[in-house]
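Participant: This is upload-v4.cif (mmCIF, C-alpha atoms and all ligand atoms).
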data_query
#
loop_
_atom_site.label_atom_id
_atom_site.label_comp_id
_atom_site.auth_asym_id
_atom_site.auth_seq_id
_atom_site.Cartn_x
_atom_site.Cartn_y
_atom_site.Cartn_z
CA MET A 1 0.00 0.00 0.00
CA ASN A 2 1.25 3.53 -0.79
CA ILE A 3 0.46 5.83 2.10
CA LEU A 4 0.43 9.60 2.55
CA ILE A 5 0.39 11.21 6.00
CA LEU A 6 -0.50 14.91 6.22
CA GLY A 7 1.20 17.01 8.90
CA SER A 8 4.59 18.07 10.25
CA GLY A 9 4.71 17.55 14.00
CA GLY A 10 5.67 14.96 16.57
CA ARG A 11 2.24 13.39 16.10
CA GLU A 12 2.95 12.77 12.42
CA HIS A 13 6.47 11.49 13.14
CA ALA A 14 4.94 8.93 15.53
CA LEU A 15 2.26 7.97 12.98
CA ALA A 16 4.95 7.56 10.31
CA TRP A 17 7.09 5.46 12.67
CA ALA A 18 4.18 3.10 13.36
CA VAL A 19 3.13 2.87 9.70
CA MET A 20 6.70 2.12 8.57
CA GLN A 21 6.77 -0.96 10.81
CA ASN A 22 3.77 -2.47 9.07
CA PRO A 23 4.74 -4.82 6.24
CA LYS A 24 1.64 -3.71 4.28
CA CYS A 25 3.30 -0.30 3.76
CA ASP A 26 5.18 -0.27 0.44
CA LYS A 27 5.82 3.47 0.26
CA LEU A 28 5.29 6.27 2.77
CA ILE A 29 5.26 9.98 2.01
CA VAL A 30 4.69 12.64 4.67
CA ALA A 31 3.63 16.15 3.65
CA PRO A 32 5.18 18.45 4.62
CA GLY A 33 7.05 16.42 7.31
CA ASN A 34 10.11 17.57 9.27
CA ALA A 35 13.79 16.68 9.75
CA GLY A 36 13.06 13.65 11.94
CA ILE A 37 10.41 12.30 9.60
CA ALA A 38 12.82 12.72 6.67
CA GLN A 39 15.07 10.12 8.30
CA ILE A 40 12.40 7.42 7.94
CA ALA A 41 10.15 8.51 5.05
CA GLU A 42 10.01 10.67 1.97
CA CYS A 43 8.81 14.23 2.67
CA ALA A 44 6.96 16.42 0.17
CA ALA A 45 6.31 20.17 0.38
CA LEU A 46 2.56 20.53 -0.20
CA ASP A 47 -0.18 22.93 0.85
CA ILE A 48 -2.04 20.34 2.92
CA GLU A 49 -5.03 22.63 3.45
CA ASP A 50 -5.77 22.63 -0.28
CA GLY A 51 -7.72 19.46 -1.10
CA ALA A 52 -7.28 19.80 -4.88
CA VAL A 53 -3.49 20.06 -4.52
CA VAL A 54 -3.36 17.00 -2.27
CA ALA A 55 -5.65 15.00 -4.57
CA THR A 56 -3.47 15.76 -7.61
CA PHE A 57 -0.37 14.74 -5.67
CA CYS A 58 -2.02 11.47 -4.61
CA GLU A 59 -2.82 10.61 -8.18
CA ALA A 60 0.73 11.33 -9.36
CA GLN A 61 2.21 9.23 -6.54
CA ALA A 62 -0.32 6.36 -6.82
CA ILE A 63 -1.35 6.83 -3.18
CA ASP A 64 -3.87 4.30 -1.82
CA PHE A 65 -4.47 5.57 1.69
CA VAL A 66 -4.24 9.03 3.32
CA ILE A 67 -3.96 9.65 7.06
CA VAL A 68 -4.75 13.23 8.08
CA GLY A 69 -2.84 14.37 11.20
CA PRO A 70 -3.97 17.91 12.15
CA GLU A 71 -7.43 19.46 12.43
CA ALA A 72 -7.02 22.39 10.03
CA PRO A 73 -7.21 20.38 6.77
CA LEU A 74 -10.13 18.36 8.18
CA ALA A 75 -12.05 21.53 9.06
CA LYS A 76 -11.41 22.75 5.50
CA GLY A 77 -12.87 19.63 3.91
CA VAL A 78 -9.63 18.11 2.61
CA ALA A 79 -10.82 14.58 3.53
CA ASP A 80 -14.02 15.17 1.49
CA ARG A 81 -12.05 16.32 -1.58
CA LEU A 82 -9.82 13.23 -1.36
CA ARG A 83 -12.77 10.87 -0.96
CA ASP A 84 -14.43 12.55 -3.94
CA ALA A 85 -11.26 11.66 -5.87
CA GLY A 86 -11.74 8.00 -4.91
CA LEU A 87 -9.12 7.80 -2.14
CA LEU A 88 -9.41 5.96 1.14
CA VAL A 89 -8.92 8.54 3.92
CA PHE A 90 -8.54 8.27 7.68
CA GLY A 91 -10.18 11.42 9.04
CA PRO A 92 -13.65 12.97 9.24
CA SER A 93 -15.53 15.02 6.68
CA GLU A 94 -15.81 18.79 7.05
CA GLY A 95 -19.30 18.32 8.50
CA ALA A 96 -18.13 15.80 11.09
CA ALA A 97 -15.01 17.86 11.90
CA ARG A 98 -17.35 20.48 13.38
CA LEU A 99 -17.08 18.44 16.57
CA GLU A 100 -13.77 20.24 17.01
CA ALA A 101 -14.23 23.30 14.81
CA SER A 102 -17.27 24.62 16.67
CA LYS A 103 -17.71 24.44 20.45
CA SER A 104 -21.39 25.40 20.21
CA PHE A 105 -21.99 22.64 17.65
CA THR A 106 -20.53 20.09 20.08
CA LYS A 107 -22.74 21.37 22.90
CA GLU A 108 -25.78 21.10 20.64
CA ILE A 109 -24.83 17.50 19.75
CA CYS A 110 -24.40 16.69 23.46
CA ASP A 111 -27.86 18.10 24.16
CA ALA A 112 -29.40 16.01 21.39
CA ALA A 113 -27.46 12.91 22.46
CA GLY A 114 -28.06 13.35 26.19
CA ALA A 115 -24.29 13.20 26.79
CA PRO A 116 -23.11 14.45 30.20
CA THR A 117 -21.16 17.71 29.85
CA ALA A 118 -20.96 21.18 31.45
CA ALA A 119 -24.09 23.37 31.44
CA TYR A 120 -23.62 26.27 29.03
CA GLY A 121 -24.88 29.31 27.23
CA HIS A 122 -24.12 30.20 23.59
CA PHE A 123 -23.79 33.91 22.72
CA THR A 124 -23.20 36.14 19.76
CA ASP A 125 -24.07 39.24 21.77
CA HIS A 126 -21.54 40.70 24.21
CA ALA A 127 -24.09 42.20 26.64
CA ALA A 128 -26.12 38.98 26.84
CA ALA A 129 -22.94 36.95 27.50
CA LYS A 130 -21.88 39.38 30.23
CA ALA A 131 -25.28 39.23 31.91
CA TYR A 132 -25.14 35.40 31.89
CA VAL A 133 -21.63 35.37 33.38
CA GLU A 134 -22.67 37.82 36.12
CA ALA A 135 -25.71 35.71 36.94
CA GLN A 136 -23.68 32.46 37.10
CA GLY A 137 -20.65 33.84 38.97
CA ALA A 138 -17.07 32.47 39.02
CA PRO A 139 -15.34 30.11 38.50
CA ILE A 140 -16.63 29.91 34.96
CA VAL A 141 -15.20 28.97 31.56
CA ILE A 142 -15.25 31.23 28.49
CA LYS A 143 -14.63 29.66 25.07
CA ALA A 144 -14.27 31.17 21.62
CA ASP A 145 -16.51 29.09 19.35
CA GLY A 146 -14.10 28.31 16.50
CA LEU A 147 -10.60 26.87 16.11
CA ALA A 148 -8.14 29.08 18.00
CA ALA A 149 -4.96 26.94 18.05
CA GLY A 150 -5.60 25.90 21.64
CA LYS A 151 -5.80 29.50 22.89
CA GLY A 152 -9.54 30.05 22.80
CA VAL A 153 -10.39 28.77 26.30
CA ILE A 154 -10.20 30.91 29.44
CA VAL A 155 -10.85 29.19 32.76
CA ALA A 156 -11.80 32.26 34.80
CA MET A 157 -11.42 31.86 38.55
CA THR A 158 -12.86 35.34 39.23
CA LEU A 159 -15.73 37.33 37.76
CA SER A 160 -13.38 40.10 36.61
CA GLU A 161 -11.23 37.58 34.66
CA ALA A 162 -14.40 36.27 33.02
CA VAL A 163 -15.59 39.75 32.06
CA GLU A 164 -12.14 40.58 30.70
CA ALA A 165 -12.14 37.36 28.61
CA LEU A 166 -15.49 38.33 27.11
CA ASP A 167 -14.18 41.84 26.36
CA ASP A 168 -11.19 40.28 24.56
CA MET A 169 -13.22 37.80 22.55
CA PHE A 170 -15.94 40.20 21.47
CA GLY A 171 -13.17 42.75 20.84
CA GLY A 172 -11.79 40.43 18.15
CA ALA A 173 -8.84 38.87 20.02
CA PHE A 174 -9.46 35.58 18.17
CA GLY A 175 -10.59 37.11 14.91
CA GLY A 176 -13.66 35.38 13.51
CA ALA A 177 -13.32 32.68 16.18
CA GLY A 178 -14.39 35.15 18.90
CA ALA A 179 -17.54 36.51 17.34
CA GLU A 180 -19.34 33.55 18.94
CA VAL A 181 -18.74 32.53 22.52
CA VAL A 182 -19.71 29.55 24.65
CA VAL A 183 -19.85 30.14 28.42
CA GLU A 184 -19.60 26.93 30.46
CA GLU A 185 -20.02 25.74 33.99
CA PHE A 186 -16.62 25.09 35.58
CA MET A 187 -16.24 21.33 36.07
CA GLU A 188 -14.08 19.95 38.85
CA GLY A 189 -12.31 16.63 38.70
CA GLU A 190 -9.40 14.94 36.99
CA GLU A 191 -8.91 15.24 33.24
CA ALA A 192 -8.01 12.36 30.97
CA SER A 193 -8.14 11.69 27.25
CA PHE A 194 -9.92 8.75 25.69
CA PHE A 195 -9.12 7.84 22.08
CA VAL A 196 -11.81 6.07 20.12
CA LEU A 197 -11.59 4.82 16.54
CA CYS A 198 -14.82 5.33 14.62
CA ASP A 199 -15.91 4.11 11.20
CA GLY A 200 -19.17 6.04 11.06
CA GLU A 201 -21.05 3.45 13.10
CA VAL A 202 -18.76 1.32 15.23
CA ALA A 203 -16.64 2.79 18.06
CA LEU A 204 -13.47 0.95 19.10
CA PRO A 205 -11.43 2.29 22.04
CA MET A 206 -7.78 2.75 21.04
CA GLY A 207 -6.30 3.83 24.35
CA THR A 208 -6.17 6.39 27.10
CA ALA A 209 -3.64 9.10 27.95
CA GLN A 210 -3.06 12.04 30.18
CA ASP A 211 -1.47 15.25 28.98
CA HIS A 212 0.38 17.99 30.92
CA LYS A 213 -0.92 21.27 29.53
CA ARG A 214 0.89 23.79 31.75
CA VAL A 215 4.40 24.84 30.84
CA GLY A 216 5.93 24.48 34.31
CA GLU A 217 6.56 21.75 36.84
CA GLY A 218 3.74 21.16 39.32
CA ASP A 219 1.32 22.28 36.57
CA ALA A 220 2.27 25.94 36.95
CA GLY A 221 2.39 28.73 34.37
CA PRO A 222 0.58 29.29 31.11
CA ASN A 223 -1.14 26.64 28.98
CA THR A 224 0.72 25.02 26.11
CA GLY A 225 -0.12 22.50 23.41
CA GLY A 226 1.10 19.85 25.88
CA MET A 227 4.47 19.36 27.60
CA GLY A 228 4.28 15.59 27.97
CA ALA A 229 1.91 12.66 28.15
CA TYR A 230 1.65 9.09 29.28
CA SER A 231 -0.52 6.09 28.50
CA PRO A 232 -2.50 4.42 29.94
CA ALA A 233 -4.21 6.99 32.19
CA PRO A 234 -4.98 5.09 35.42
CA VAL A 235 -7.87 7.44 36.29
CA LEU A 236 -9.70 6.19 33.19
CA THR A 237 -10.52 2.74 34.52
CA ASP A 238 -12.29 0.20 32.29
CA ALA A 239 -15.56 0.95 34.10
CA ILE A 240 -15.27 4.70 33.48
CA ALA A 241 -14.15 4.17 29.88
CA ASN A 242 -17.18 1.94 29.25
CA LYS A 243 -19.42 4.56 30.79
CA ALA A 244 -17.92 7.26 28.56
CA LEU A 245 -18.42 5.02 25.55
CA ALA A 246 -22.06 4.25 26.37
CA GLU A 247 -23.14 7.68 27.63
CA ILE A 248 -21.03 10.06 25.50
CA VAL A 249 -19.34 8.51 22.46
CA GLN A 250 -21.98 6.13 21.11
CA PRO A 251 -24.88 8.59 21.45
CA THR A 252 -22.70 11.19 19.68
CA LEU A 253 -21.96 8.80 16.81
CA ARG A 254 -25.66 7.97 16.48
CA GLU A 255 -26.58 11.66 16.42
CA MET A 256 -23.88 12.46 13.84
CA ALA A 257 -25.06 9.60 11.61
CA ARG A 258 -28.69 10.67 12.03
CA ARG A 259 -27.74 14.15 10.76
CA GLY A 260 -26.09 12.69 7.66
CA THR A 261 -22.54 13.46 8.85
CA PRO A 262 -21.28 10.13 10.23
CA TYR A 263 -17.99 10.40 12.10
CA GLN A 264 -15.01 8.47 10.73
CA GLY A 265 -11.48 8.77 12.10
CA ILE A 266 -10.06 9.06 15.59
CA LEU A 267 -12.26 10.80 18.12
CA TYR A 268 -10.27 12.44 20.91
CA VAL A 269 -12.63 12.53 23.86
CA GLY A 270 -11.46 14.97 26.55
CA LEU A 271 -13.09 13.94 29.82
CA MET A 272 -13.45 15.40 33.30
CA ILE A 273 -13.86 12.61 35.86
CA LYS A 274 -15.34 13.10 39.30
CA ASP A 275 -16.88 10.49 41.62
CA ASP A 276 -16.50 7.85 38.86
CA GLN A 277 -18.63 9.92 36.46
CA PRO A 278 -17.07 11.08 33.18
CA ARG A 279 -18.29 14.30 31.57
CA LEU A 280 -17.25 15.65 28.20
CA VAL A 281 -14.86 18.63 28.19
CA GLU A 282 -14.25 18.66 24.45
CA TYR A 283 -13.92 16.61 21.33
CA ASN A 284 -10.99 16.82 18.95
CA VAL A 285 -11.24 15.22 15.54
CA ARG A 286 -7.61 14.04 15.40
CA PHE A 287 -5.01 12.42 17.60
CA GLY A 288 -3.67 14.57 20.43
CA ASP A 289 -0.15 15.88 20.15
CA PRO A 290 1.81 14.60 22.17
CA GLU A 291 -0.74 11.93 23.20
CA CYS A 292 -0.43 10.24 19.79
CA GLN A 293 3.27 9.62 20.45
CA VAL A 294 2.57 7.43 23.49
CA LEU A 295 -0.30 5.61 21.78
CA MET A 296 1.86 4.79 18.74
CA MET A 297 4.72 3.68 20.99
CA ARG A 298 2.37 1.16 22.60
CA LEU A 299 0.49 0.02 19.49
CA GLY A 300 3.29 -0.14 16.91
CA ALA A 301 2.50 -1.61 13.48
CA GLN A 302 -1.13 -2.55 14.28
CA ALA A 303 -2.00 1.17 14.45
CA MET A 304 -1.95 1.28 10.66
CA ASP A 305 -4.29 -1.73 10.32
CA LEU A 306 -6.68 -0.11 12.79
CA MET A 307 -6.73 3.22 10.96
CA HIS A 308 -7.21 1.42 7.66
CA ALA A 309 -10.11 -0.61 9.08
CA ALA A 310 -11.76 2.59 10.37
CA ALA A 311 -11.41 4.32 6.99
CA ASP A 312 -12.74 1.22 5.24
CA GLY A 313 -15.79 0.69 7.51
CA ARG A 314 -14.42 -2.57 8.91
CA LEU A 315 -14.05 -1.77 12.61
CA ALA A 316 -16.65 -4.36 13.62
CA GLU A 317 -14.12 -7.06 12.76
CA ALA A 318 -11.07 -5.23 14.19
CA GLN A 319 -9.52 -5.53 17.62
CA VAL A 320 -6.80 -3.72 19.52
CA ASN A 321 -4.12 -6.02 20.92
CA TRP A 322 -2.82 -4.40 24.05
CA ALA A 323 0.40 -5.29 25.79
CA ASP A 324 0.50 -4.72 29.53
CA ASP A 325 2.88 -1.80 29.05
CA HIS A 326 3.25 1.92 29.67
CA ALA A 327 4.61 4.74 27.54
CA ILE A 328 5.64 8.28 28.29
CA THR A 329 6.72 11.24 26.20
CA VAL A 330 8.55 14.30 27.46
CA VAL A 331 8.42 17.43 25.31
CA MET A 332 11.60 19.45 24.86
CA ALA A 333 10.66 23.01 23.95
CA ALA A 334 12.59 26.12 22.96
CA ASP A 335 13.32 28.59 25.80
CA GLY A 336 10.49 31.13 25.88
CA TYR A 337 7.74 28.77 24.69
CA PRO A 338 4.71 29.21 24.82
CA GLY A 339 5.73 32.88 24.42
CA SER A 340 8.21 34.00 21.80
CA TYR A 341 11.33 31.90 21.22
CA GLU A 342 14.43 31.86 19.02
CA LYS A 343 14.72 29.61 16.00
CA GLY A 344 17.83 28.02 14.58
CA SER A 345 19.69 26.70 17.65
CA VAL A 346 21.59 23.44 17.04
CA ILE A 347 20.61 20.21 18.83
CA LYS A 348 23.40 17.70 19.47
CA GLY A 349 23.55 14.23 20.95
CA LEU A 350 20.51 12.79 19.18
CA ASP A 351 22.71 10.06 17.67
CA GLN A 352 23.46 8.89 21.23
CA CYS A 353 19.79 8.07 21.85
CA PRO A 354 18.67 4.48 21.19
CA GLU A 355 15.94 3.96 18.58
CA ASP A 356 13.99 0.76 19.00
CA SER A 357 10.54 -0.39 20.10
CA PHE A 358 11.22 0.99 23.59
CA HIS A 359 12.88 4.30 22.71
CA MET A 360 12.19 6.98 20.11
CA VAL A 361 12.87 10.68 19.85
CA PHE A 362 10.04 12.04 17.72
CA HIS A 363 10.71 15.39 16.09
CA ALA A 364 8.08 18.11 16.41
CA GLY A 365 9.79 21.28 15.20
CA THR A 366 13.16 20.58 13.61
CA LYS A 367 14.91 21.32 10.35
CA ALA A 368 18.14 19.86 8.98
CA VAL A 369 20.59 22.66 8.10
CA ASP A 370 24.03 21.69 6.72
CA GLY A 371 23.70 18.23 8.23
CA LYS A 372 22.81 19.59 11.68
CA THR A 373 19.45 19.28 13.43
CA THR A 374 18.16 22.75 14.30
CA ALA A 375 15.14 23.85 16.34
CA VAL A 376 12.49 25.70 14.34
CA GLY A 377 9.40 25.40 16.56
CA GLY A 378 8.16 25.97 20.10
CA ARG A 379 7.75 22.30 20.89
CA VAL A 380 10.79 20.71 19.27
CA LEU A 381 11.38 17.11 20.40
CA ASN A 382 9.20 14.41 21.98
CA VAL A 383 11.44 12.05 23.90
CA THR A 384 9.36 8.88 24.10
CA ALA A 385 9.88 5.56 25.87
CA ARG A 386 7.99 2.40 26.74
CA GLY A 387 8.40 0.03 29.69
CA ALA A 388 6.74 -2.63 31.81
CA SER A 389 5.82 0.10 34.30
CA LEU A 390 5.37 3.85 34.02
CA GLN A 391 8.42 4.28 36.25
CA GLU A 392 10.55 2.21 33.86
CA ALA A 393 9.28 4.13 30.84
CA ARG A 394 9.90 7.40 32.64
CA ASP A 395 13.47 6.48 33.63
CA ARG A 396 14.22 5.49 30.03
CA ALA A 397 12.87 8.78 28.66
CA TYR A 398 14.83 10.95 31.10
CA ALA A 399 17.99 8.90 30.44
CA MET A 400 17.60 9.77 26.75
CA ILE A 401 17.17 13.45 27.61
CA ASP A 402 20.47 13.29 29.48
CA GLN A 403 22.12 12.40 26.14
CA ILE A 404 20.64 15.39 24.32
CA ASP A 405 22.78 18.49 24.24
CA TRP A 406 20.56 21.48 23.55
CA PRO A 407 21.26 24.44 25.89
CA GLN A 408 18.48 26.56 24.32
CA GLY A 409 15.79 24.00 25.22
CA PHE A 410 13.88 23.08 28.38
CA TYR A 411 11.52 20.36 29.59
CA ARG A 412 9.45 19.37 32.62
CA ARG A 413 11.04 16.84 34.96
CA ASP A 414 7.71 15.76 36.46
CA ILE A 415 5.86 14.18 33.52
CA GLY A 416 3.71 11.35 34.86
CA TRP A 417 3.61 12.64 38.44
CA ARG A 418 -0.11 12.08 38.91
CA ALA A 419 0.20 8.39 38.11
CA LEU A 420 3.52 7.70 39.88
P1 LIG B 501 -10.60 22.76 25.64
O1 LIG B 501 -9.83 23.44 24.55
O2 LIG B 501 -12.07 22.82 25.51
O3 LIG B 501 -10.05 21.38 25.92
O4 LIG B 501 -10.20 23.50 26.98
C1 LIG B 501 -8.85 23.60 27.38
C2 LIG B 501 -8.74 23.23 28.84
O5 LIG B 501 -9.57 24.09 29.62
C3 LIG B 501 -9.23 21.83 29.16
O6 LIG B 501 -8.27 20.86 28.91
C4 LIG B 501 -9.58 21.96 30.60
O7 LIG B 501 -8.43 21.88 31.42
C5 LIG B 501 -10.12 23.35 30.69
N1 LIG B 501 -11.59 23.37 30.59
C6 LIG B 501 -12.33 23.47 29.47
N2 LIG B 501 -13.64 23.45 29.76
C7 LIG B 501 -13.75 23.32 31.09
C8 LIG B 501 -14.84 23.25 32.00
N3 LIG B 501 -16.10 23.35 31.60
N4 LIG B 501 -14.56 23.11 33.32
C9 LIG B 501 -13.28 23.06 33.75
N5 LIG B 501 -12.21 23.14 32.95
C10 LIG B 501 -12.43 23.26 31.64
N1 LIG B 502 -2.32 17.79 23.59
C1 LIG B 502 -3.58 18.38 23.39
C2 LIG B 502 -4.09 18.38 22.02
O1 LIG B 502 -3.53 17.78 21.12
O2 LIG B 502 -5.12 19.00 21.78
#
Mind turning this structure into structure tokens?
Facilitator:
Amino acid sequence: MNILILGSGGREHALAWAVMQNPKCDKLIVAPGNAGIAQIAECAALDIEDGAVVATFCEAQAIDFVIVGPEAPLAKGVADRLRDAGLLVFGPSEGAARLEASKSFTKEICDAAGAPTAAYGHFTDHAAAKAYVEAQGAPIVIKADGLAAGKGVIVAMTLSEAVEALDDMFGGAFGGAGAEVVVEEFMEGEEASFFVLCDGEVALPMGTAQDHKRVGEGDAGPNTGGMGAYSPAPVLTDAIANKALAEIVQPTLREMARRGTPYQGILYVGLMIKDDQPRLVEYNVRFGDPECQVLMMRLGAQAMDLMHAAADGRLAEAQVNWADDHAITVVMAADGYPGSYEKGSVIKGLDQCPEDSFHMVFHAGTKAVDGKTTAVGGRVLNVTARGASLQEARDRAYAMIDQIDWPQGFYRRDIGWRAL
């Protein structure tokens, strides 16, 4: 099979690494890819948000199967354009991608599906939103409706923070994304991520993970795209996962199918768990980054068969073969991230890190310049390891970090603390 993966981060490096291990893969191209991906697959510079461009490329390269990594092409209908061109695609249609692209759409689906989630109000009028916030009081959560690169959610602990967030959003701080706002009840509990493969009808759990969103140790400082993750997430017990599947995921899939926009791809189910009850925080229509890295580390080659079965409507006959193992990934980021950071610093020592089914350094934001690996992103490396226990995986990952010589980078030393 000739396979194309769309994307350029650590998530796509991990997907490529898993796909390459599967003997059914004859050729792998990643567009646009990065320096780490280029070491294991062909990379192609393409505008991945332009469905016509990607479809033409697929035809020229005799691609059989496309895996879409990030949400932006999905929200722009790239999967639809490729399916129109006769390709098999892992990833939802534009209509189904609204589960991530519009917070108010997701709340409406939850209402129709009876899925447990935070109470909310949906506003396009600043004064009405402000009146609702004042009536509800703090803590309260303010969300820009559309895609905002992870920056559209303000968890306001005081009323003045909430009012300020509304002022920002209606003032255009998120461009078009802020013209519509969802105001939500603040949910307490522990967060975990549940990954479910969907083929439009059947839902097959693919694993659980927990992310570390804050930049600093002890979960301090501003939010980031994620500074590390581990799998499995012990808080998401089988009983809670089954509850989430029955009360949240399956009713959502039924409602999406009923509306003529069946969901196919990976559904990232962000949950808040309290007193053994899961409630939906958010859906994403793609793998998490860096959660994908730990899932791929644990699943290996079968990940490709599972994604192919989902795209092909064959999940009813698929199964996930779990090992009793644990994986962890530690993000190395450029000094200054998530604020402004320098680009172009040189990373040394990567050749000292082992690369096998227990150890991988996935690249998130790197570029090869004159044979040297340089940092070109905020999140730059995902140092990933697997072990019989989380402690073993963790020790392996931090031992790899000790080999990496990158003075302009930093990382959290406490990834996995909740579970250890
Ligand atoms: P989201 O982009 O919707 O995942 O929100 C980003 C983060 O904000 C989540 O991972 C949670 O930590 C937090 N958050 C979002 N909604 C709520 C809520 N209703 N109650 C508490 N925390 C929330
Ligand atoms: N790590 C969080 C996300 O991918 O949305």
Participant: Taking all listed atoms of range 130-147 of chain A, build the axis-aligned box, pad each of the six sides by 6 Å, then write its centre and edge lengths in Å to one decimal as lines of an AutoDock Vina configuration file.
Facilitator:
center_x = -18.2
center_y = 33.1
center_z = 27.6
size_x = 27.1
size_y = 24.5
size_z = 34.9
Participant: Kindly compile the residues surrounding ligand LIG 502 (chain B) within 10 Å, counting only C-alpha atoms and all ligand atoms, and format them as number ranges by chain.
Facilitator: A: 11, 70-71, 100, 149-150, 193, 209-213, 224-229, 268, 270, 282-292
Participant: If you measure from CA of Gly378 in chain A to CA of Gly36 in chain A, what distance in Å do you get, rounded to one decimal?
Facilitator: 15.6 Å
Participant: Could you please give me, as a PyMOL selection string, the residues of protein, DNA or RNA lying at most 10 Å from (6.3, -0.9, 27.8) in the coordinate frame of the file, considering all atoms listed in the file?
Facilitator: chain A and resi 231+297-298+323-328+357-359+385-390+392-393
Participant: Let me make sure I understand: among A:Asp312, A:Asp351, A:Asp405, A:Glu191, which one has the smallest atom-to-atom distance to ligand LIG 501 (chain B) if we use all atoms listed in the file?
Facilitator: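 With all atoms listed in the file as the atom set, the closest residue is A:Glu191.
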Participant: Quick check, in Å to one decimal: how far apart do CA of Arg314 in chain A and CA of Gln21 in chain A lie?
Facilitator: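 Calculated distance between CA of Arg314 in chain A and CA of Gln21 in chain A is 21.3 Å.
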Participant: Measuring atom to atom with all atoms listed in the file, identify which of A:Met256, A:Ala334, A:Ala179, A:Cys43 is nearest to Asp125 in chain A.
Facilitator: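 The closest residue to Asp125 in chain A is A:Ala179.
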Participant: As a count of residues only, please: the residues near Ala375 in chain A (cut-off 10 Å, all atoms listed in the file, same-chain neighbours under 5 positions excluded).
Facilitator: 21
Participant: Neighbours of ligand LIG 501 (chain B) within 7 Å, counting only C-alpha atoms and all ligand atoms, as a PyMOL selection string?
Facilitator: chain A and resi 118+141+150+152-155+184-188+191+270+281-282
Participant: Contacts of Cys198 in chain A at 10 Å or less, counting only C-alpha atoms, minus same-chain residues fewer than 4 places along, as a list in words?
Facilitator: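 In the requested form, the answer reads Phe90, Gly91, Pro92, Val202, Ala203, Leu204, Pro205, Met206, Val249, Gln250, Leu253, Pro262, Tyr263, Gln264, Gly265, Ile266, Leu267, Leu306, Met307, Ala309, Ala310, Ala311, Gly313, Arg314, Leu315 and Ala316 of chain A.
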Participant: For the residues in the current selection, export C-alpha atoms as an mmCIF file, in the coordinates of the input.
Facilitator:
data_model
loop_
_atom_site.group_PDB
_atom_site.id
_atom_site.type_symbol
_atom_site.label_atom_id
_atom_site.label_comp_id
_atom_site.auth_asym_id
_atom_site.auth_seq_id
_atom_site.Cartn_x
_atom_site.Cartn_y
_atom_site.Cartn_z
ATOM 1 C CA PHE A 90 -8.540 8.270 7.680
ATOM 2 C CA GLY A 91 -10.180 11.420 9.040
ATOM 3 C CA PRO A 92 -13.650 12.970 9.240
ATOM 4 C CA VAL A 202 -18.760 1.320 15.230
ATOM 5 C CA ALA A 203 -16.640 2.790 18.060
ATOM 6 C CA LEU A 204 -13.470 0.950 19.100
ATOM 7 C CA PRO A 205 -11.430 2.290 22.040
ATOM 8 C CA MET A 206 -7.780 2.750 21.040
ATOM 9 C CA VAL A 249 -19.340 8.510 22.460
ATOM 10 C CA GLN A 250 -21.980 6.130 21.110
ATOM 11 C CA LEU A 253 -21.960 8.800 16.810
ATOM 12 C CA PRO A 262 -21.280 10.130 10.230
ATOM 13 C CA TYR A 263 -17.990 10.400 12.100
ATOM 14 C CA GLN A 264 -15.010 8.470 10.730
ATOM 15 C CA GLY A 265 -11.480 8.770 12.100
ATOM 16 C CA ILE A 266 -10.060 9.060 15.590
ATOM 17 C CA LEU A 267 -12.260 10.800 18.120
ATOM 18 C CA LEU A 306 -6.680 -0.110 12.790
ATOM 19 C CA MET A 307 -6.730 3.220 10.960
ATOM 20 C CA ALA A 309 -10.110 -0.610 9.080
ATOM 21 C CA ALA A 310 -11.760 2.590 10.370
ATOM 22 C CA ALA A 311 -11.410 4.320 6.990
ATOM 23 C CA GLY A 313 -15.790 0.690 7.510
ATOM 24 C CA ARG A 314 -14.420 -2.570 8.910
ATOM 25 C CA LEU A 315 -14.050 -1.770 12.610
ATOM 26 C CA ALA A 316 -16.650 -4.360 13.620
#
Participant: Give as an NGL selection string each residue that has an atom at most 12 Å from (-18.3, 14.0, 34.1) in the file, counting all atoms listed in the file.
Facilitator: :A and (115-119 or 185-192 or 236 or 240-241 or 243-244 or 247-248 or 269-282)
Participant: Counting only C-alpha atoms, what is within 10 Å of Asn22 in chain A, bar same-chain residues fewer than 4 positions away, as a short mmCIF file (atom, residue, chain, number, x, y, z; two decimals) with C-alpha atoms, in the coordinates of the input?
Facilitator:
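Below is the file selection06.cif, written as the result:
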data_model
loop_
_atom_site.label_atom_id
_atom_site.label_comp_id
_atom_site.auth_asym_id
_atom_site.auth_seq_id
_atom_site.Cartn_x
_atom_site.Cartn_y
_atom_site.Cartn_z
CA TRP A 17 7.09 5.46 12.67
CA ALA A 18 4.18 3.10 13.36
CA ASP A 26 5.18 -0.27 0.44
CA GLY A 300 3.29 -0.14 16.91
CA ALA A 301 2.50 -1.61 13.48
CA GLN A 302 -1.13 -2.55 14.28
CA ALA A 303 -2.00 1.17 14.45
CA MET A 304 -1.95 1.28 10.66
CA ASP A 305 -4.29 -1.73 10.32
#
Participant: Skip Glu255 in chain A itself and residues of its chain fewer than 4 positions away, then list as an MDAnalysis selection string all residues within 7 Å of it, counting only C-alpha atoms.
Facilitator: chainID A and resid 109 113 251 259
Participant: Could you check which of A:Val196, A:Val320, A:Ala38, A:Lys24 is closest to Thr373 in chain A, using only C-alpha atoms?
Facilitator: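 Among the listed residues, the smallest separation from Thr373 in chain A belongs to A:Ala38.
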Participant: In Å, with one decimal, what is the gap from CA of Met360 in chain A to CA of Val294 in chain A?
Facilitator: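 Answer for the CA of Met360 in chain A to CA of Val294 in chain A separation: 10.2 Å.
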